[in-house]
file input.txt (compact mmCIF, C-alpha atoms and all ligand atoms)
# COMPACT_ATOMS: atom_id res chain seq x y z
CA MET A 1345 0.00 0.00 0.00
CA GLY A 1346 1.23 3.47 -0.88
CA ASP A 1347 1.21 6.38 1.57
CA LEU A 1348 -2.37 7.03 0.57
CA LEU A 1349 -5.02 4.33 0.06
CA GLY A 1350 -5.94 4.31 -3.66
CA VAL A 1351 -9.74 4.21 -3.97
CA ALA A 1352 -11.86 3.44 -7.04
CA VAL A 1353 -15.25 5.19 -6.84
CA LEU A 1354 -18.03 3.53 -8.85
CA GLY A 1355 -20.81 5.99 -9.72
CA ALA A 1356 -20.27 9.76 -9.89
CA GLY A 1357 -23.83 10.97 -9.22
CA HIS A 1358 -25.01 12.81 -6.10
CA MET A 1359 -23.38 10.51 -3.57
CA GLY A 1360 -20.40 9.48 -5.70
CA ALA A 1361 -19.41 13.09 -6.44
CA ASP A 1362 -19.76 13.96 -2.74
CA HIS A 1363 -17.62 10.98 -1.71
CA ILE A 1364 -14.98 11.90 -4.33
CA ARG A 1365 -14.80 15.42 -2.84
CA ARG A 1366 -14.67 13.89 0.66
CA LEU A 1367 -11.85 11.46 -0.20
CA ASP A 1368 -9.93 14.22 -1.94
CA ARG A 1369 -10.37 17.02 0.61
CA MET A 1370 -11.77 15.85 3.96
CA VAL A 1371 -10.46 12.39 4.70
CA ASN A 1372 -6.87 11.63 5.73
CA GLY A 1373 -4.92 8.75 4.25
CA ALA A 1374 -6.75 8.20 0.96
CA ARG A 1375 -6.79 9.39 -2.64
CA VAL A 1376 -9.16 8.86 -5.55
CA ALA A 1377 -7.27 6.54 -7.93
CA ALA A 1378 -10.08 5.82 -10.41
CA VAL A 1379 -13.71 6.70 -11.11
CA ALA A 1380 -16.24 4.77 -13.21
CA ASP A 1381 -19.57 6.01 -14.51
CA PRO A 1382 -21.30 5.10 -17.79
CA ASP A 1383 -21.81 8.85 -18.09
CA ALA A 1384 -18.18 9.83 -18.79
CA ALA A 1385 -18.93 13.55 -18.70
CA ARG A 1386 -20.34 13.22 -15.18
CA ALA A 1387 -17.29 11.25 -14.03
CA LYS A 1388 -14.92 13.86 -15.51
CA GLU A 1389 -16.82 16.68 -13.85
CA ALA A 1390 -16.69 14.87 -10.50
CA VAL A 1391 -12.90 14.47 -10.62
CA ALA A 1392 -12.17 17.96 -11.92
CA GLY A 1393 -9.43 19.32 -9.67
CA THR A 1394 -8.59 15.85 -8.27
CA GLU A 1395 -5.06 14.81 -9.15
CA GLY A 1396 -4.19 11.37 -10.51
CA ALA A 1397 -7.66 9.83 -10.92
CA SER A 1398 -8.28 7.83 -14.10
CA VAL A 1399 -11.78 7.96 -15.59
CA HIS A 1400 -13.65 4.90 -16.94
CA THR A 1401 -17.10 4.06 -18.26
CA GLU A 1402 -16.92 0.43 -17.02
CA ALA A 1403 -16.74 -0.46 -13.32
CA GLU A 1404 -14.37 -3.41 -13.97
CA ALA A 1405 -11.89 -1.15 -15.75
CA ALA A 1406 -11.77 1.11 -12.69
CA LEU A 1407 -11.20 -1.86 -10.36
CA ASP A 1408 -8.25 -2.94 -12.53
CA ALA A 1409 -6.78 0.56 -12.89
CA PRO A 1410 -3.25 1.20 -11.57
CA GLY A 1411 -3.07 2.14 -7.88
CA VAL A 1412 -6.54 0.83 -6.91
CA GLU A 1413 -6.49 -0.84 -3.47
CA ALA A 1414 -10.10 -0.37 -2.30
CA VAL A 1415 -13.53 0.41 -3.75
CA LEU A 1416 -16.31 2.81 -2.83
CA ILE A 1417 -19.60 1.82 -4.53
CA ALA A 1418 -21.99 4.72 -5.16
CA SER A 1419 -23.77 3.44 -8.26
CA PRO A 1420 -27.55 2.78 -8.14
CA GLY A 1421 -28.63 -0.14 -5.91
CA PRO A 1422 -29.30 -2.63 -8.75
CA ALA A 1423 -25.62 -2.34 -9.85
CA HIS A 1424 -24.23 -3.12 -6.37
CA GLU A 1425 -24.29 -6.94 -6.46
CA GLU A 1426 -22.09 -7.19 -9.55
CA ALA A 1427 -19.72 -4.53 -8.19
CA LEU A 1428 -19.43 -6.22 -4.78
CA LEU A 1429 -18.75 -9.64 -6.31
CA SER A 1430 -16.14 -8.12 -8.66
CA ALA A 1431 -14.41 -6.46 -5.71
CA PHE A 1432 -14.49 -9.72 -3.70
CA ALA A 1433 -12.99 -11.62 -6.68
CA ARG A 1434 -10.05 -9.19 -6.57
CA GLY A 1435 -9.75 -9.24 -2.76
CA LEU A 1436 -10.49 -5.51 -2.61
CA PRO A 1437 -12.04 -3.98 0.54
CA VAL A 1438 -15.32 -2.18 -0.20
CA LEU A 1439 -17.47 0.57 1.23
CA CYS A 1440 -20.89 0.07 -0.42
CA GLU A 1441 -23.65 2.64 -0.27
CA LYS A 1442 -27.06 1.48 0.96
CA PRO A 1443 -29.06 -0.45 -0.05
CA MET A 1444 -26.31 -3.11 -0.21
CA VAL A 1445 -28.37 -5.01 -2.81
CA PRO A 1446 -32.06 -4.08 -3.07
CA ASP A 1447 -33.40 -7.62 -3.61
CA SER A 1448 -32.89 -10.10 -0.80
CA ALA A 1449 -31.84 -13.01 -3.07
CA GLY A 1450 -29.01 -10.89 -4.47
CA ALA A 1451 -28.11 -9.65 -0.99
CA LEU A 1452 -27.86 -13.26 0.22
CA ARG A 1453 -25.54 -14.12 -2.71
CA VAL A 1454 -23.23 -11.33 -1.52
CA VAL A 1455 -23.31 -12.62 2.08
CA GLU A 1456 -22.57 -16.15 0.88
CA ALA A 1457 -19.72 -14.98 -1.35
CA GLU A 1458 -18.08 -13.11 1.54
CA ALA A 1459 -18.68 -16.03 3.91
CA ARG A 1460 -16.90 -18.31 1.38
CA LEU A 1461 -13.91 -15.95 1.48
CA GLY A 1462 -13.89 -16.48 5.25
CA ARG A 1463 -13.09 -12.83 5.97
CA ARG A 1464 -14.95 -9.57 5.77
CA LEU A 1465 -14.27 -7.22 2.88
CA ALA A 1466 -17.44 -5.10 2.90
CA GLN A 1467 -18.61 -2.21 5.05
CA ILE A 1468 -22.16 -1.06 4.23
CA GLY A 1469 -22.96 2.67 4.08
CA PHE A 1470 -25.49 3.01 6.87
CA MET A 1471 -23.98 6.32 7.88
CA ARG A 1472 -26.39 7.04 10.75
CA ARG A 1473 -24.26 4.75 12.89
CA TYR A 1474 -21.57 7.46 12.60
CA ASP A 1475 -23.86 10.41 13.41
CA THR A 1476 -23.08 12.03 16.78
CA GLU A 1477 -26.70 12.11 17.94
CA TYR A 1478 -27.37 8.49 16.96
CA ARG A 1479 -24.17 7.41 18.74
CA ARG A 1480 -25.25 9.23 21.91
CA LEU A 1481 -28.66 7.55 21.78
CA LYS A 1482 -27.03 4.14 21.23
CA ALA A 1483 -24.69 4.68 24.21
CA LEU A 1484 -27.64 5.74 26.41
CA LEU A 1485 -29.71 2.69 25.46
CA ASP A 1486 -26.71 0.38 25.96
CA ASP A 1487 -25.86 1.64 29.45
CA GLY A 1488 -29.29 0.54 30.68
CA ARG A 1489 -30.05 3.68 32.72
CA LEU A 1490 -33.48 4.08 31.11
CA GLY A 1491 -34.36 0.39 31.31
CA ARG A 1492 -35.38 -1.60 28.26
CA ALA A 1493 -36.45 0.22 25.10
CA LEU A 1494 -40.15 -0.37 24.41
CA MET A 1495 -40.76 1.79 21.34
CA LEU A 1496 -38.95 3.88 18.75
CA HIS A 1497 -40.92 6.69 17.11
CA CYS A 1498 -39.17 7.78 13.92
CA VAL A 1499 -39.70 10.53 11.37
CA HIS A 1500 -37.98 10.57 7.97
CA ARG A 1501 -38.83 13.52 5.73
CA ASN A 1502 -37.25 14.64 2.47
CA VAL A 1503 -38.02 17.95 0.72
CA SER A 1504 -38.73 16.15 -2.57
CA SER A 1505 -38.11 12.80 -4.18
CA PRO A 1506 -36.00 12.22 -7.32
CA PRO A 1507 -38.01 11.85 -10.57
CA ASP A 1508 -37.75 8.04 -10.75
CA PHE A 1509 -38.80 7.45 -7.12
CA THR A 1510 -41.47 4.75 -6.64
CA SER A 1511 -43.86 3.98 -3.76
CA ALA A 1512 -41.76 0.89 -2.94
CA MET A 1513 -38.64 3.07 -2.62
CA LEU A 1514 -40.12 4.95 0.34
CA VAL A 1515 -39.65 1.63 2.13
CA ASN A 1516 -36.62 0.01 0.48
CA SER A 1517 -34.53 3.14 -0.07
CA SER A 1518 -35.62 5.72 2.54
CA VAL A 1519 -36.81 3.51 5.43
CA SER A 1520 -33.81 1.18 4.90
CA HIS A 1521 -31.98 3.67 7.18
CA GLU A 1522 -34.56 3.26 9.98
CA ILE A 1523 -34.44 -0.52 9.51
CA ASP A 1524 -30.70 -0.54 10.09
CA ALA A 1525 -30.84 2.07 12.86
CA ALA A 1526 -33.54 0.13 14.74
CA ARG A 1527 -31.63 -3.18 14.47
CA TRP A 1528 -28.47 -1.43 15.68
CA LEU A 1529 -30.02 0.68 18.45
CA LEU A 1530 -32.10 -2.16 19.88
CA GLY A 1531 -29.71 -5.05 19.09
CA GLN A 1532 -32.71 -7.04 17.85
CA GLU A 1533 -33.92 -8.34 14.52
CA LEU A 1534 -37.15 -6.95 13.05
CA THR A 1535 -39.69 -9.74 12.70
CA ALA A 1536 -42.83 -8.28 11.09
CA VAL A 1537 -43.95 -5.18 9.25
CA THR A 1538 -47.24 -3.40 8.52
CA VAL A 1539 -47.57 -0.38 6.23
CA LEU A 1540 -50.48 2.05 6.46
CA ARG A 1541 -50.98 5.07 4.28
CA PRO A 1542 -52.98 8.21 4.62
CA ARG A 1543 -54.30 9.95 1.51
CA PRO A 1544 -51.29 10.93 -0.65
CA SER A 1545 -50.09 14.51 -0.33
CA ALA A 1546 -51.09 16.82 -3.17
CA GLY A 1547 -47.41 17.80 -3.14
CA ALA A 1548 -46.31 14.30 -4.17
CA PRO A 1549 -45.96 13.28 -7.83
CA GLN A 1550 -49.12 11.70 -9.29
CA GLY A 1551 -49.41 8.03 -8.25
CA LEU A 1552 -46.72 8.13 -5.53
CA LEU A 1553 -47.98 6.77 -2.19
CA ASP A 1554 -46.41 9.48 -0.07
CA PRO A 1555 -46.44 9.67 2.95
CA GLN A 1556 -46.53 6.19 4.50
CA PHE A 1557 -46.63 4.93 8.09
CA VAL A 1558 -44.50 1.84 8.67
CA LEU A 1559 -44.74 -0.27 11.83
CA PHE A 1560 -42.11 -2.88 12.71
CA GLU A 1561 -42.23 -5.53 15.42
CA THR A 1562 -38.96 -6.79 16.89
CA ALA A 1563 -37.74 -10.14 18.20
CA GLY A 1564 -37.53 -8.68 21.73
CA GLY A 1565 -41.12 -7.38 21.74
CA ALA A 1566 -40.44 -3.70 20.95
CA LEU A 1567 -42.33 -1.64 18.36
CA VAL A 1568 -40.79 0.78 15.85
CA ASP A 1569 -42.94 3.24 13.91
CA VAL A 1570 -41.75 5.40 11.03
CA GLU A 1571 -43.48 8.30 9.32
CA VAL A 1572 -41.81 8.50 5.92
CA PHE A 1573 -42.70 11.53 3.79
CA VAL A 1574 -40.39 12.18 0.86
CA ASN A 1575 -42.14 15.21 -0.67
CA CYS A 1576 -42.84 17.21 2.48
CA GLY A 1577 -41.55 20.35 0.78
CA PHE A 1578 -40.15 22.07 3.86
CA GLY A 1579 -36.95 20.36 4.97
CA TYR A 1580 -34.86 17.26 5.51
CA GLN A 1581 -35.86 15.92 8.93
CA VAL A 1582 -34.78 12.70 10.58
CA ARG A 1583 -35.90 12.13 14.15
CA CYS A 1584 -35.94 9.22 16.52
CA GLU A 1585 -37.42 9.02 20.00
CA ALA A 1586 -36.71 5.97 22.13
CA VAL A 1587 -39.33 5.31 24.81
CA CYS A 1588 -37.91 3.14 27.57
CA GLU A 1589 -39.14 1.74 30.90
CA ARG A 1590 -37.68 4.63 32.92
CA GLY A 1591 -37.43 7.51 30.47
CA ALA A 1592 -37.39 8.65 26.88
CA ALA A 1593 -34.72 10.19 24.66
CA ARG A 1594 -35.17 12.02 21.35
CA ILE A 1595 -32.69 13.01 18.66
CA GLY A 1596 -33.02 14.98 15.44
CA ASP A 1597 -34.79 18.12 16.63
CA ASP A 1598 -33.76 20.97 14.39
CA ARG A 1599 -31.22 22.80 16.51
CA GLY A 1600 -29.27 24.54 13.76
CA MET A 1601 -28.40 28.21 13.88
CA LEU A 1602 -31.18 30.31 15.37
CA VAL A 1603 -31.80 33.38 13.22
CA THR A 1604 -33.62 36.34 14.75
CA ALA A 1605 -34.65 39.00 12.27
CA GLY A 1606 -37.63 41.07 11.24
CA GLY A 1607 -39.59 40.42 14.41
CA SER A 1608 -39.33 36.60 14.50
CA ALA A 1609 -36.82 33.91 15.45
CA GLY A 1610 -36.38 30.62 13.62
CA ALA A 1611 -34.02 27.66 13.41
CA GLU A 1612 -32.55 26.68 10.06
CA VAL A 1613 -33.77 23.35 8.68
CA PRO A 1614 -31.32 21.42 6.47
CA GLN A 1615 -32.64 20.82 2.96
CA ASP A 1616 -30.97 17.48 2.25
CA TYR A 1617 -29.02 14.54 3.62
CA LEU A 1618 -25.68 15.87 2.38
CA VAL A 1619 -26.07 18.73 4.88
CA ARG A 1620 -27.85 16.91 7.75
CA PHE A 1621 -25.46 13.96 7.73
CA ALA A 1622 -22.28 15.68 6.44
CA ASP A 1623 -20.32 14.86 9.61
CA ALA A 1624 -21.63 11.29 9.65
CA TYR A 1625 -20.46 10.67 6.07
CA ASP A 1626 -17.04 12.17 6.91
CA ARG A 1627 -16.65 9.93 9.96
CA GLU A 1628 -17.96 6.88 8.09
CA VAL A 1629 -15.48 7.24 5.23
CA GLN A 1630 -12.59 8.15 7.57
CA ALA A 1631 -13.32 5.06 9.70
CA TRP A 1632 -13.36 2.90 6.56
CA VAL A 1633 -10.05 4.33 5.29
CA ASP A 1634 -8.39 3.98 8.72
CA ALA A 1635 -9.55 0.38 9.16
CA THR A 1636 -8.60 -0.56 5.59
CA ARG A 1637 -5.10 0.85 6.03
CA ARG A 1638 -4.74 -1.35 9.11
CA GLY A 1639 -5.97 -4.39 7.15
CA ARG A 1640 -9.27 -4.46 9.06
CA VAL A 1641 -12.95 -4.18 8.20
CA THR A 1642 -15.34 -2.55 10.68
CA GLY A 1643 -18.82 -0.98 10.66
CA PRO A 1644 -22.10 -2.35 9.29
CA THR A 1645 -21.62 -5.80 7.76
CA ALA A 1646 -22.90 -7.49 4.62
CA TRP A 1647 -25.23 -9.38 6.99
CA ASP A 1648 -26.65 -6.02 8.14
CA GLY A 1649 -27.12 -5.11 4.47
CA TYR A 1650 -28.85 -8.44 3.81
CA ALA A 1651 -31.13 -8.14 6.87
CA ALA A 1652 -32.15 -4.63 5.79
CA SER A 1653 -33.03 -5.92 2.30
CA VAL A 1654 -35.15 -8.78 3.68
CA VAL A 1655 -37.04 -6.47 6.05
CA ALA A 1656 -37.52 -3.88 3.29
CA GLU A 1657 -38.82 -6.55 0.92
CA ALA A 1658 -41.34 -7.63 3.56
CA GLY A 1659 -42.24 -3.94 3.91
CA VAL A 1660 -42.93 -3.58 0.19
CA ALA A 1661 -45.07 -6.75 0.31
CA ALA A 1662 -46.95 -5.26 3.28
CA LEU A 1663 -47.48 -2.01 1.37
CA GLU A 1664 -48.82 -3.86 -1.66
CA SER A 1665 -51.03 -6.32 0.25
CA GLY A 1666 -52.16 -4.01 3.03
CA THR A 1667 -51.50 -6.77 5.55
CA ARG A 1668 -48.95 -7.53 8.29
CA THR A 1669 -46.03 -9.40 6.74
CA THR A 1670 -43.48 -11.47 8.63
CA VAL A 1671 -39.73 -11.35 8.03
CA ASP A 1672 -37.86 -14.55 7.21
CA LEU A 1673 -34.06 -14.33 7.55
CA ALA A 1674 -31.59 -17.03 6.42
CA ALA A 1675 -29.32 -18.64 9.01
CA LEU A 1676 -26.54 -16.32 10.23
CA PRO A 1677 -23.21 -17.46 8.73
CA GLU A 1678 -20.39 -18.10 11.21
CA LEU A 1679 -18.37 -15.18 9.80
CA TYR A 1680 -20.90 -12.64 11.11
CA ALA A 1681 -21.57 -14.46 14.35
CA VAL A 1682 -17.86 -14.07 15.10
CA THR A 1683 -17.47 -10.44 13.98
CA GLY A 1684 -20.82 -9.55 15.59
CA ARG A 1685 -22.69 -6.33 14.97
N1 LIG A 1701 -26.32 7.10 2.53
C1 LIG A 1701 -27.17 7.99 2.06
O1 LIG A 1701 -27.73 8.81 2.79
C2 LIG A 1701 -27.43 8.06 0.59
C3 LIG A 1701 -27.93 9.24 0.01
C4 LIG A 1701 -28.21 9.22 -1.36
C5 LIG A 1701 -27.96 8.09 -2.10
N2 LIG A 1701 -27.49 6.98 -1.49
C6 LIG A 1701 -27.21 5.77 -2.26
O2 LIG A 1701 -26.09 6.02 -3.10
C7 LIG A 1701 -26.26 5.31 -4.33
C8 LIG A 1701 -26.21 6.32 -5.47
O3 LIG A 1701 -27.27 7.24 -5.32
P1 LIG A 1701 -27.22 8.69 -6.02
O4 LIG A 1701 -28.27 9.50 -5.35
O5 LIG A 1701 -25.82 9.20 -6.04
O6 LIG A 1701 -27.69 8.32 -7.50
P2 LIG A 1701 -27.41 9.14 -8.84
O7 LIG A 1701 -28.44 8.69 -9.80
O8 LIG A 1701 -27.27 10.60 -8.54
O9 LIG A 1701 -25.98 8.63 -9.32
C9 LIG A 1701 -25.71 7.31 -9.71
C10 LIG A 1701 -24.60 7.34 -10.73
O10 LIG A 1701 -24.17 6.01 -10.99
C11 LIG A 1701 -23.96 5.87 -12.39
N3 LIG A 1701 -24.05 4.44 -12.73
C12 LIG A 1701 -25.11 3.75 -13.19
N4 LIG A 1701 -24.76 2.44 -13.35
C13 LIG A 1701 -23.46 2.33 -12.97
C14 LIG A 1701 -22.54 1.25 -12.90
N5 LIG A 1701 -22.91 0.00 -13.22
N6 LIG A 1701 -21.29 1.50 -12.46
C15 LIG A 1701 -20.93 2.74 -12.10
N7 LIG A 1701 -21.75 3.80 -12.14
C16 LIG A 1701 -23.02 3.59 -12.55
C17 LIG A 1701 -25.02 6.75 -13.03
O11 LIG A 1701 -24.67 7.11 -14.37
C18 LIG A 1701 -25.01 7.95 -12.07
O12 LIG A 1701 -24.07 8.93 -12.45
C19 LIG A 1701 -27.59 4.55 -4.21
O13 LIG A 1701 -27.32 3.27 -3.74
C20 LIG A 1701 -28.34 5.36 -3.16
O14 LIG A 1701 -29.31 4.59 -2.46
C21 LIG A 1701 -27.19 6.95 -0.18
O1 LIG A 1702 -31.26 7.51 -1.14
C1 LIG A 1702 -31.69 8.52 -0.25
C2 LIG A 1702 -30.83 8.53 0.99
O2 LIG A 1702 -30.68 7.26 1.50
C3 LIG A 1702 -31.30 9.51 2.03
O3 LIG A 1702 -30.54 9.39 3.22
C4 LIG A 1702 -32.77 9.32 2.36
O4 LIG A 1702 -33.20 10.34 3.24
C5 LIG A 1702 -33.62 9.36 1.11
O5 LIG A 1702 -34.97 9.20 1.43
C6 LIG A 1702 -33.17 8.30 0.09
O6 LIG A 1702 -33.93 8.42 -1.07
call {"tool": "encode", "arguments": {"input": "input.txt", "output": "structure tokens"}}
result
Amino acid sequence: MGDLLGVAVLGAGHMGADHIRRLDRMVNGARVAAVADPDAARAKEAVAGTEGASVHTEAEAALDAPGVEAVLIASPGPAHEEALLSAFARGLPVLCEKPMVPDSAGALRVVEAEARLGRRLAQIGFMRRYDTEYRRLKALLDDGRLGRALMLHCVHRNVSSPPDFTSAMLVNSSVSHEIDAARWLLGQELTAVTVLRPRPSAGAPQGLLDPQFVLFETAGGALVDVEVFVNCGFGYQVRCEAVCERGAARIGDDRGMLVTAGGSAGAEVPQDYLVRFADAYDREVQAWVDATRRGRVTGPTAWDGYAASVVAEAGVAALESGTRTTVDLAALPELYAVTGR
């Protein structure tokens, strides 16, 4: 390994371009060695000002480019399985954006491929685990002061959804974060899901079932509810309140700069995830680079990515059928039992 970890970034869209900037300017110990995007112009624009990065239209070409020692996958979810398996075949450590693989059969193939290697190579991009407020909530729940957690009340609002966003994606793209956060905060698997929906907002694109109300049951008897509203129009808001036996704790209240002017006072509300979770993404990528340089893999596992896909798939089935749907996970491979969550 050189002085700086050479990273190939696959996908130079919203997230990919932000991660390229982060690797180039924010994170210590890494450099962008190659970028792949079928849209070459987008890839070139994303690396403008970045020294020494080769540009490719094929992911495989970027993985084989000189100086590549690790991979950051930021292509759309359906492209992740092939990219992960290609990285595994080359023994390259990977940071893969969520969802790891949107369909659970593909996600299981990734888990099985890594289990066959007998060592972890993948960290999954559930960045909320690196957010300061989420980490404080996790520490509070773990120390037991409030007793057992009984319920999580979650809110996940986006200003607007991208043009190709579907009703299923409210569950398998947006709520995938709450699925992972709930599993992590509670240390329990999610076992069943029900999705209710009020009348769609007039502010949502025609035909999009937005908002939705998602209710999860957990193996330990807790309940997790999520209001997901991806065309709320007013701000990017992610909240979570844990209700425990001896107290409650809430994170995600908008406590940005308070502006007083013209006879009123108001807090700023972030407009997107790149602002709200900027620090979390920085810490996530720095932790990945640091661990990779030490020959280690930490953070959310491929099993966590698989579990999120299975729960999300049950959620989409529940949305479509209007009925409570149970979650059926495969057996946990030894690799993840040992590395734990
Ligand atoms: N962690 C988060 O909060 C967060 C936020 C946004 C997006 N994401 C995830 O990041 C990923 C990318 O999302 P986005 O919003 O940047 O999408 P995007 O559409 O803005 O960008 C995706 C890019 O990937 C390119 N691409 C398509 N197929 C490819 C392939 N096979 N190999 C390489 N590049 C390919 C596209 O041309 C496009 O430039 C998705 O998995 C998404 O769910 C995560
Ligand atoms: O892909 C994005 C991303 O994961 C964001 O964090 C989430 O808020 C959005 O709803 C989702 O569409």
call {"tool": "axis_aligned_box", "arguments": {"input": "input.txt", "around": "segment 1548-1560 of chain A", "padding_each_side": "3 Å", "output": "AutoDock Vina command-line options"}}
result
--center_x -45.8 --center_y 5.7 --center_z 1.7 --size_x 13.3 --size_y 23.2 --size_z 28.0
call {"tool": "residues_near_ligand", "arguments": {"input": "input.txt", "ligand": "ligand LIG 1702 (chain A)", "cutoff": "8 Å", "atoms": "all atoms listed in the file", "output": "ChimeraX atom specification"}}
result
/A:1442,1500-1502,1505-1506,1509,1513-1514,1517-1521,1574,1580,1582,1616-1617
call {"tool": "closest_residue", "arguments": {"input": "input.txt", "among": "A:Ala1352, A:Val1570, A:Leu1663, A:Ile1468", "to": "Ser1511 of chain A", "atoms": "only C-alpha atoms"}}
result
A:Leu1663
call {"tool": "residues_near_ligand", "arguments": {"input": "input.txt", "ligand": "ligand LIG 1701 (chain A)", "cutoff": "7 Å", "atoms": "all atoms listed in the file", "output": "PyMOL selection string"}}
result
chain A and resi 1354-1360+1380-1383+1386+1402-1403+1418-1421+1423+1441-1443+1469-1471+1517+1617
call {"tool": "closest_residue", "arguments": {"input": "input.txt", "among": "A:Gln1615, A:Asn1575, A:Thr1636, A:Thr1394", "to": "Ala1414 of chain A", "atoms": "all atoms listed in the file"}}
result
A:Thr1636
call {"tool": "atom_distance", "arguments": {"input": "input.txt", "atom1": "atom CA of Asp1648 of chain A", "atom2": "atom CA of Gln1630 of chain A"}}
result
20.0 Å
call {"tool": "residues_around", "arguments": {"input": "input.txt", "residues": "Gly1393 of chain A", "least_positions_apart": "3", "cutoff": "12 Å", "atoms": "only C-alpha atoms", "output": "count of residues only"}}
result
10
call {"tool": "closest_residue", "arguments": {"input": "input.txt", "among": "A:Met1444, A:Leu1530, A:Val1438, A:Ala1361", "to": "Ala1483 of chain A", "atoms": "all atoms listed in the file"}}
result
A:Leu1530
